[in-house]
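Here's the structure, in structure tokens; my notes come after.
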2 protein chains.
Amino acid sequence: MAELKNDRFLRALLREPVDRTPVWMMRQAGRYLPEYRETRARAGDFMSLCKNPQLACEVTLQPLERYDLDAAILFSDILTIPDAMGLGLYFEAGEGPRFKKIVRSADDVEALPLPDVATDLDYVLAAVREIRSALAGRVPLIGFSGSPWTLATYMVEGGSSKDFRHIKEMMYARPEVMHRLLGKLADAVTLYLNEQILAGAQAVQIFDTWGGALSGPMYREFSLAYMQRIVNGLIREHDGRRVPAILFTKNGGQWLEAMADTGADALGLDWTTEIGDARARVGDRVALQGNMDPSVLYAPASRIRDEVARILESYGHGNGHVFNLGHGIHQFVDPEHAGIFVDAVHELSAPYHR
Amino acid sequence: MAELKNDRFLRALLREPVDRTPVWMMRQAGRYLPEYRETRARAGDFMSLCKNPQLACEVTLQPLERYDLDAAILFSDILTIPDAMGLGLYFEAGEGPRFKKIVRSADDVEALPLPDVATDLDYVLAAVREIRSALAGRVPLIGFSGSPWTLATYMVEGGSSKDFRHIKEMMYARPEVMHRLLGKLADAVTLYLNEQILAGAQAVQIFDTWGGALSGPMYREFSLAYMQRIVNGLIREHDGRRVPAILFTKNGGQWLEAMADTGADALGLDWTTEIGDARARVGDRVALQGNMDPSVLYAPASRIRDEVARILESYGHGNGHVFNLGHGIHQFVDPEHAGIFVDAVHELSAPYHR
């Protein structure tokens with residue numbers, strides 16, 4: 001493997017000194033980029049793009065051609081695991097993800113096979129290898145997975161949900177069935193992330209998009225406990241280097257202390273939490289990644305720079321900050337504005353690292 | 001007016017002693033009740049039901065016939081004000097609210113008239129008078145409005161939204177236009193709530209459904225500041241009794257201290273915040289209302305009772321707790337389970353008030 005030329009991102013995740021605050025954007029390879037839309041049109045539908053390692057590699061690298069980003073993230077979907085468990089993932093225009101098979105009963109849960117990552121998810125591992133090779137050490141590659149709770153919401157609801165009617169019925173009325181499903185998913189995610197690491201991912205992020213829909217006690221029991229299990233089972237060092245693990249629970253700002261207790265290296269923050277307050281709460285135990293509202297990118301350059309400055313100041317001096325958006329970049333953002341954002345982070349963060 | 005027979009709710013909002021923790025449910029008059037569905041079918045569509053004071057009164061009283069609730073809440077919609085401003089509110093099946101006219105430009109905002117509450121919203125005031133008379137002092141009547149920020153989201157987006165693209169573009173890129181719109185709405189909401197109070201509402205709640213989509217600084221500037229303006233302008237005493245004001249920001253658990261600083265009497269909590277922690281943070285400045293996850297009502301009786309017990313214990317002994325769900329009751333809940341919930345609050349709370 002080529003030597004890593006820019007390791008700001010990995011160093012910041014481990015709270016080591018850097019010259020500038022590293023920055024990447026969730027969903028940085030995405031629909032706001034015309035070149036992405038062009039590749040996607042060639043691929044056909046979204047899953048065909050995910051399942052084609054060459055094209056997945058192509059779109060992963062596109063934002064790096066435009067912007068001075070400090071990390072690449074594997075182009076894939078969070079729902080590849082349930083798809084590999086035989087649920088039949090598909091996307092309907094404007095409707096978000098859907099599954100052909102829905103998991104509701106204890107029997108449904110029992111019947112779910114643990115996916116064989118090396119065969120059922122070989123397209124993901126092939127994409128990781130392809131991207132890693134194409135990056136040639138330019139910046140590190142992030143692997144990722146959905147959290148068990150988040151995967152389960154889609155599997156039990158059959159798609160996106162507003163009120164999580166069916167999974168919450170399962171959680172409150174049949175907790176043993178819920179735990180059995182989450183246990184299987186935690187095992188699958190652990191295997192999946194470890195295979196991504198062995199294939200070349202240099203950091204991993206667990207996306208817990210829907211943990212924030214839970215009360216504190218339910219979050220700890222049904223989401224965090226399973227992320228803990230994954231963190232415990234992850235390969236933490238590979239190729240002589242620490243592989244940092246990042247936990248991101250959207251709307252999880254109230255539970256950062258508990259998240260830091262898992263032993264993850266870093267926590268992702270959405271924009272509803274003040275990053276300076278978050279830092280005071282978790283102290284030096286973890287790095288923090290975030291947390292600009294992606295909608296700031298609709299504003300003119302001066303407003304974007306002001307918001308970057310505000311967040312840098314809120315975090316303050318010292319190590320352990322990876323700049324990011326608090327959620328994925330929106331599809332209607334002007335690509336030029338993303339560049340203004342990335343450059344502002346590098347330019348304005350220098351004084352904080354002297 | 002008939003004398004109030006059960007004033008637990010009003011007393012708890014003012015942190016005065018009560019014999020039992022009072023309880024009501026957001027959206028207690030709603031689709032989970034067969035008798036509501038029957039009245040709604042007679043009315044035709046949802047807005048025809050809201051605009052008919054006799055039928056609005058009928059559905060307001062329905063849950064009181066079934067359950068031992070400590071308050072009634074006016075049956076209406078949060079979007080009556082923008083409708084009265086001429087935007088043409090309508091509902092499409094399964095789609096949520098929609099407006100015929102959308103507010104996007106500075107000119108759109110300038111052209112918006114301040115509604116004449118006594119004429120444009122006379123149907124709401126007639127419903128308040130009708131309900132108050134029909135209640136005959138049984139329990140107090142709650143009036144309500146959407147918060148300026150929440151109303152603005154629907155007016156600018158044209159309906160419900162996931163990412164608030166247009167209103168956040170306005171907020172970040174054209175803050176002066178955003179402030180002008182919110183200022184008009186704060187004036188309208190103040191007039192509207194005061195007219196509800198004069199017509200007979202004995203407490204008022206401001207529903208800030210979407211304030212939780214903002215960062216802390218943006219929440220304070222674009223949502224809380226305008227709720228503050230309303231609180232400052234509210235009639236606080238009527239008919240010789242204090243009229244408590246309740247602020248409820250969904251996903252606002254991180255900003256409770258700032259909300260308490262407004263001078264509101266009580267804060268509503270969704271279920272993502274631990275009520276005991278919230279109480280420790282706001283001290284004796286405000287009462288707290290909440291905060292069971294409405295999805296607990298999908299569980300069997302014993303689980304519902306356990307969760308009620310847990311929340312009562314978390315709040316602890318002493319005054320200032322109004323029990324409620326953390327959001328509206330879901331339409332697929334078994335009405336019997338709502339009764340189990342209400343009875344459990346009264347039964348299990350007695351020891352906390354000795």
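Residue numbers start at 1 in each chain; chains themselves are named A, B, ... in the order of the structure tokens; ligands are numbered from 1 in the order shown.
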Problem set entry | Selection: 10 Å around Glu313 (chain A), only C-alpha atoms, excl. self and same-chain fewer than 3 positions, as a PyMOL selection string | chain A and resi 275-276+307-310+316-317+348-349+352
Exercise. Within 7 Å of chain B, which residues of chain A show up when using only C-alpha atoms, listed as a list in words?
Worked result: Arg165, Lys168, Glu169, Tyr172, Ala173, Leu214, Ser215, Gly216, Trp271, Thr272, Thr273, Glu274, Ser295, Val296, Tyr298, Ala299 and Pro300 of chain A
Problem set entry | Surrounding residues of region 23-30 of chain A excluding itself and chain neighbours under 4 positions, 6 Å, only C-alpha atoms, as a count of residues only | 13
Problem set entry | Between CA of Val103 (chain B) and CA of Leu79 (chain B), distance in Å (one decimal) |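 If I compute the distance from CA of Val103 (chain B) to CA of Leu79 (chain B), I get 14.1 Å.
These are the residues of region 184-330 of chain B assigned strand (DSSP E) by DSSP from backbone coordinates: Ala203, Val204, Gln205, Ile206, Phe207, Asp208, Glu237, His238, Arg241, Arg242, Ala245, Ile246, Leu247, Phe248, Thr249, Ala266, Leu267, Gly268, Ala287, Leu288, Gln289, Gly290, Asn291, Met292, His321, Val322, Phe323, Asn324 and Leu325 of chain B.
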For this session: Would you list the contacts of Ala280 (chain A) as a PyMOL selection string, taking every protein, DNA or RNA residue within 12 Å and counting only C-alpha atoms, but skipping same-chain residues closer than 6 positions in sequence?
Result: chain A and resi 256-257+273-274+286-288+314-316
Exercise. If we count only C-alpha atoms, what is near Phe99 (chain A) at a cut-off of 12 Å, once residues fewer than 2 positions away on the same chain are taken out, given as a VMD selection string?
Worked result: chain A and resid 79 to 92 95 to 97 101 to 103 151 to 160
DSSP on the backbone: what in region 17-118 of chain A comes out alpha helix (DSSP H), as a PDB file with N, CA and C atoms, in the first residue's frame?
```
ATOM      1  N   PRO A  34     -22.625  17.491 -10.214  1.00  0.00           N
ATOM      2  CA  PRO A  34     -23.075  17.065 -11.554  1.00  0.00           C
ATOM      3  C   PRO A  34     -22.347  15.819 -12.044  1.00  0.00           C
ATOM      4  N   GLU A  35     -21.053  15.687 -11.706  1.00  0.00           N
ATOM      5  CA  GLU A  35     -20.311  14.503 -12.164  1.00  0.00           C
ATOM      6  C   GLU A  35     -20.833  13.227 -11.486  1.00  0.00           C
ATOM      7  N   TYR A  36     -21.335  13.354 -10.262  1.00  0.00           N
ATOM      8  CA  TYR A  36     -21.966  12.208  -9.606  1.00  0.00           C
ATOM      9  C   TYR A  36     -23.240  11.815 -10.357  1.00  0.00           C
ATOM     10  N   ARG A  37     -24.050  12.820 -10.683  1.00  0.00           N
ATOM     11  CA  ARG A  37     -25.314  12.535 -11.369  1.00  0.00           C
ATOM     12  C   ARG A  37     -25.058  11.878 -12.721  1.00  0.00           C
ATOM     13  N   GLU A  38     -23.953  12.271 -13.319  1.00  0.00           N
ATOM     14  CA  GLU A  38     -23.597  11.690 -14.621  1.00  0.00           C
ATOM     15  C   GLU A  38     -23.225  10.207 -14.450  1.00  0.00           C
ATOM     16  N   THR A  39     -22.385   9.901 -13.446  1.00  0.00           N
ATOM     17  CA  THR A  39     -21.993   8.503 -13.216  1.00  0.00           C
ATOM     18  C   THR A  39     -23.208   7.670 -12.810  1.00  0.00           C
ATOM     19  N   ARG A  40     -24.020   8.236 -11.961  1.00  0.00           N
ATOM     20  CA  ARG A  40     -25.217   7.536 -11.506  1.00  0.00           C
ATOM     21  C   ARG A  40     -26.137   7.210 -12.683  1.00  0.00           C
ATOM     22  N   ALA A  41     -26.277   8.145 -13.609  1.00  0.00           N
ATOM     23  CA  ALA A  41     -27.119   7.901 -14.783  1.00  0.00           C
ATOM     24  C   ALA A  41     -26.557   6.744 -15.611  1.00  0.00           C
ATOM     25  N   ARG A  42     -25.231   6.688 -15.701  1.00  0.00           N
ATOM     26  CA  ARG A  42     -24.603   5.577 -16.430  1.00  0.00           C
ATOM     27  C   ARG A  42     -24.861   4.242 -15.741  1.00  0.00           C
ATOM     28  N   ALA A  43     -24.854   4.270 -14.372  1.00  0.00           N
ATOM     29  CA  ALA A  43     -25.014   3.031 -13.608  1.00  0.00           C
ATOM     30  C   ALA A  43     -26.431   2.493 -13.692  1.00  0.00           C
ATOM     31  N   PHE A  46     -29.609   3.440  -8.104  1.00  0.00           N
ATOM     32  CA  PHE A  46     -28.683   3.680  -7.008  1.00  0.00           C
ATOM     33  C   PHE A  46     -27.960   2.409  -6.570  1.00  0.00           C
ATOM     34  N   MET A  47     -28.681   1.288  -6.449  1.00  0.00           N
ATOM     35  CA  MET A  47     -28.040   0.065  -5.982  1.00  0.00           C
ATOM     36  C   MET A  47     -27.064  -0.496  -7.012  1.00  0.00           C
ATOM     37  N   SER A  48     -27.351  -0.267  -8.283  1.00  0.00           N
ATOM     38  CA  SER A  48     -26.406  -0.713  -9.315  1.00  0.00           C
ATOM     39  C   SER A  48     -25.096   0.059  -9.197  1.00  0.00           C
ATOM     40  N   LEU A  49     -25.197   1.310  -8.801  1.00  0.00           N
ATOM     41  CA  LEU A  49     -23.995   2.108  -8.577  1.00  0.00           C
ATOM     42  C   LEU A  49     -23.223   1.558  -7.368  1.00  0.00           C
ATOM     43  N   CYS A  50     -23.956   1.280  -6.267  1.00  0.00           N
ATOM     44  CA  CYS A  50     -23.299   0.724  -5.073  1.00  0.00           C
ATOM     45  C   CYS A  50     -22.624  -0.606  -5.373  1.00  0.00           C
ATOM     46  N   PRO A  53     -18.021  -1.928  -8.201  1.00  0.00           N
ATOM     47  CA  PRO A  53     -16.842  -1.389  -7.513  1.00  0.00           C
ATOM     48  C   PRO A  53     -16.121  -0.293  -8.299  1.00  0.00           C
ATOM     49  N   GLN A  54     -16.061  -0.390  -9.610  1.00  0.00           N
ATOM     50  CA  GLN A  54     -15.370   0.631 -10.395  1.00  0.00           C
ATOM     51  C   GLN A  54     -16.110   1.962 -10.318  1.00  0.00           C
ATOM     52  N   LEU A  55     -17.431   1.882 -10.483  1.00  0.00           N
ATOM     53  CA  LEU A  55     -18.206   3.123 -10.437  1.00  0.00           C
ATOM     54  C   LEU A  55     -18.279   3.680  -9.015  1.00  0.00           C
ATOM     55  N   ALA A  56     -18.362   2.796  -8.023  1.00  0.00           N
ATOM     56  CA  ALA A  56     -18.357   3.257  -6.625  1.00  0.00           C
ATOM     57  C   ALA A  56     -17.047   3.978  -6.327  1.00  0.00           C
ATOM     58  N   CYS A  57     -15.964   3.451  -6.864  1.00  0.00           N
ATOM     59  CA  CYS A  57     -14.660   4.096  -6.702  1.00  0.00           C
ATOM     60  C   CYS A  57     -14.650   5.454  -7.401  1.00  0.00           C
ATOM     61  N   GLU A  58     -15.179   5.487  -8.596  1.00  0.00           N
ATOM     62  CA  GLU A  58     -15.211   6.737  -9.364  1.00  0.00           C
ATOM     63  C   GLU A  58     -15.927   7.845  -8.593  1.00  0.00           C
ATOM     64  N   VAL A  59     -17.117   7.545  -8.049  1.00  0.00           N
ATOM     65  CA  VAL A  59     -17.852   8.614  -7.344  1.00  0.00           C
ATOM     66  C   VAL A  59     -17.214   8.945  -5.995  1.00  0.00           C
ATOM     67  N   THR A  60     -16.564   7.953  -5.375  1.00  0.00           N
ATOM     68  CA  THR A  60     -15.871   8.240  -4.107  1.00  0.00           C
ATOM     69  C   THR A  60     -14.792   9.299  -4.307  1.00  0.00           C
ATOM     70  N   LEU A  61     -14.108   9.218  -5.450  1.00  0.00           N
ATOM     71  CA  LEU A  61     -12.987  10.138  -5.699  1.00  0.00           C
ATOM     72  C   LEU A  61     -13.419  11.497  -6.242  1.00  0.00           C
ATOM     73  N   GLN A  62     -14.620  11.594  -6.780  1.00  0.00           N
ATOM     74  CA  GLN A  62     -15.039  12.854  -7.409  1.00  0.00           C
ATOM     75  C   GLN A  62     -14.893  14.084  -6.503  1.00  0.00           C
ATOM     76  N   PRO A  63     -15.388  14.040  -5.278  1.00  0.00           N
ATOM     77  CA  PRO A  63     -15.260  15.260  -4.454  1.00  0.00           C
ATOM     78  C   PRO A  63     -13.810  15.613  -4.138  1.00  0.00           C
ATOM     79  N   LEU A  64     -12.912  14.607  -4.144  1.00  0.00           N
ATOM     80  CA  LEU A  64     -11.495  14.886  -3.868  1.00  0.00           C
ATOM     81  C   LEU A  64     -10.845  15.639  -5.020  1.00  0.00           C
ATOM     82  N   GLU A  65     -11.405  15.500  -6.216  1.00  0.00           N
ATOM     83  CA  GLU A  65     -10.884  16.239  -7.361  1.00  0.00           C
ATOM     84  C   GLU A  65     -11.227  17.721  -7.251  1.00  0.00           C
ATOM     85  N   ARG A  66     -12.362  17.996  -6.654  1.00  0.00           N
ATOM     86  CA  ARG A  66     -12.833  19.383  -6.545  1.00  0.00           C
ATOM     87  C   ARG A  66     -12.313  20.098  -5.316  1.00  0.00           C
ATOM     88  N   THR A  80     -26.866  -2.149   3.200  1.00  0.00           N
ATOM     89  CA  THR A  80     -26.316  -3.314   2.494  1.00  0.00           C
ATOM     90  C   THR A  80     -26.436  -4.592   3.330  1.00  0.00           C
ATOM     91  N   ILE A  81     -26.341  -4.479   4.661  1.00  0.00           N
ATOM     92  CA  ILE A  81     -26.410  -5.690   5.491  1.00  0.00           C
ATOM     93  C   ILE A  81     -27.793  -6.345   5.428  1.00  0.00           C
ATOM     94  N   PRO A  82     -28.868  -5.608   5.708  1.00  0.00           N
ATOM     95  CA  PRO A  82     -30.179  -6.264   5.561  1.00  0.00           C
ATOM     96  C   PRO A  82     -30.414  -6.780   4.142  1.00  0.00           C
ATOM     97  N   ALA A 106     -41.250 -13.017  15.764  1.00  0.00           N
ATOM     98  CA  ALA A 106     -40.111 -13.755  16.316  1.00  0.00           C
ATOM     99  C   ALA A 106     -39.578 -14.742  15.272  1.00  0.00           C
ATOM    100  N   ASP A 107     -40.473 -15.364  14.523  1.00  0.00           N
ATOM    101  CA  ASP A 107     -40.047 -16.307  13.478  1.00  0.00           C
ATOM    102  C   ASP A 107     -39.264 -15.599  12.373  1.00  0.00           C
ATOM    103  N   ASP A 108     -39.737 -14.413  11.987  1.00  0.00           N
ATOM    104  CA  ASP A 108     -38.998 -13.624  10.984  1.00  0.00           C
ATOM    105  C   ASP A 108     -37.562 -13.398  11.455  1.00  0.00           C
ATOM    106  N   VAL A 109     -37.415 -13.064  12.732  1.00  0.00           N
ATOM    107  CA  VAL A 109     -36.087 -12.767  13.269  1.00  0.00           C
ATOM    108  C   VAL A 109     -35.236 -14.030  13.287  1.00  0.00           C
ATOM    109  N   GLU A 110     -35.825 -15.137  13.755  1.00  0.00           N
ATOM    110  CA  GLU A 110     -35.077 -16.404  13.804  1.00  0.00           C
ATOM    111  C   GLU A 110     -34.594 -16.811  12.419  1.00  0.00           C
ATOM    112  N   ALA A 111     -35.429 -16.602  11.421  1.00  0.00           N
ATOM    113  CA  ALA A 111     -35.131 -17.071  10.062  1.00  0.00           C
ATOM    114  C   ALA A 111     -34.035 -16.239   9.386  1.00  0.00           C
ATOM    115  N   VAL A 117     -20.062 -12.205   4.807  1.00  0.00           N
ATOM    116  CA  VAL A 117     -19.596 -10.909   4.299  1.00  0.00           C
ATOM    117  C   VAL A 117     -18.730 -11.082   3.055  1.00  0.00           C
ATOM    118  N   ALA A 118     -17.840 -12.081   3.099  1.00  0.00           N
ATOM    119  CA  ALA A 118     -16.875 -12.248   2.001  1.00  0.00           C
ATOM    120  C   ALA A 118     -17.561 -12.569   0.675  1.00  0.00           C
TER     121      ALA A 118
END
```
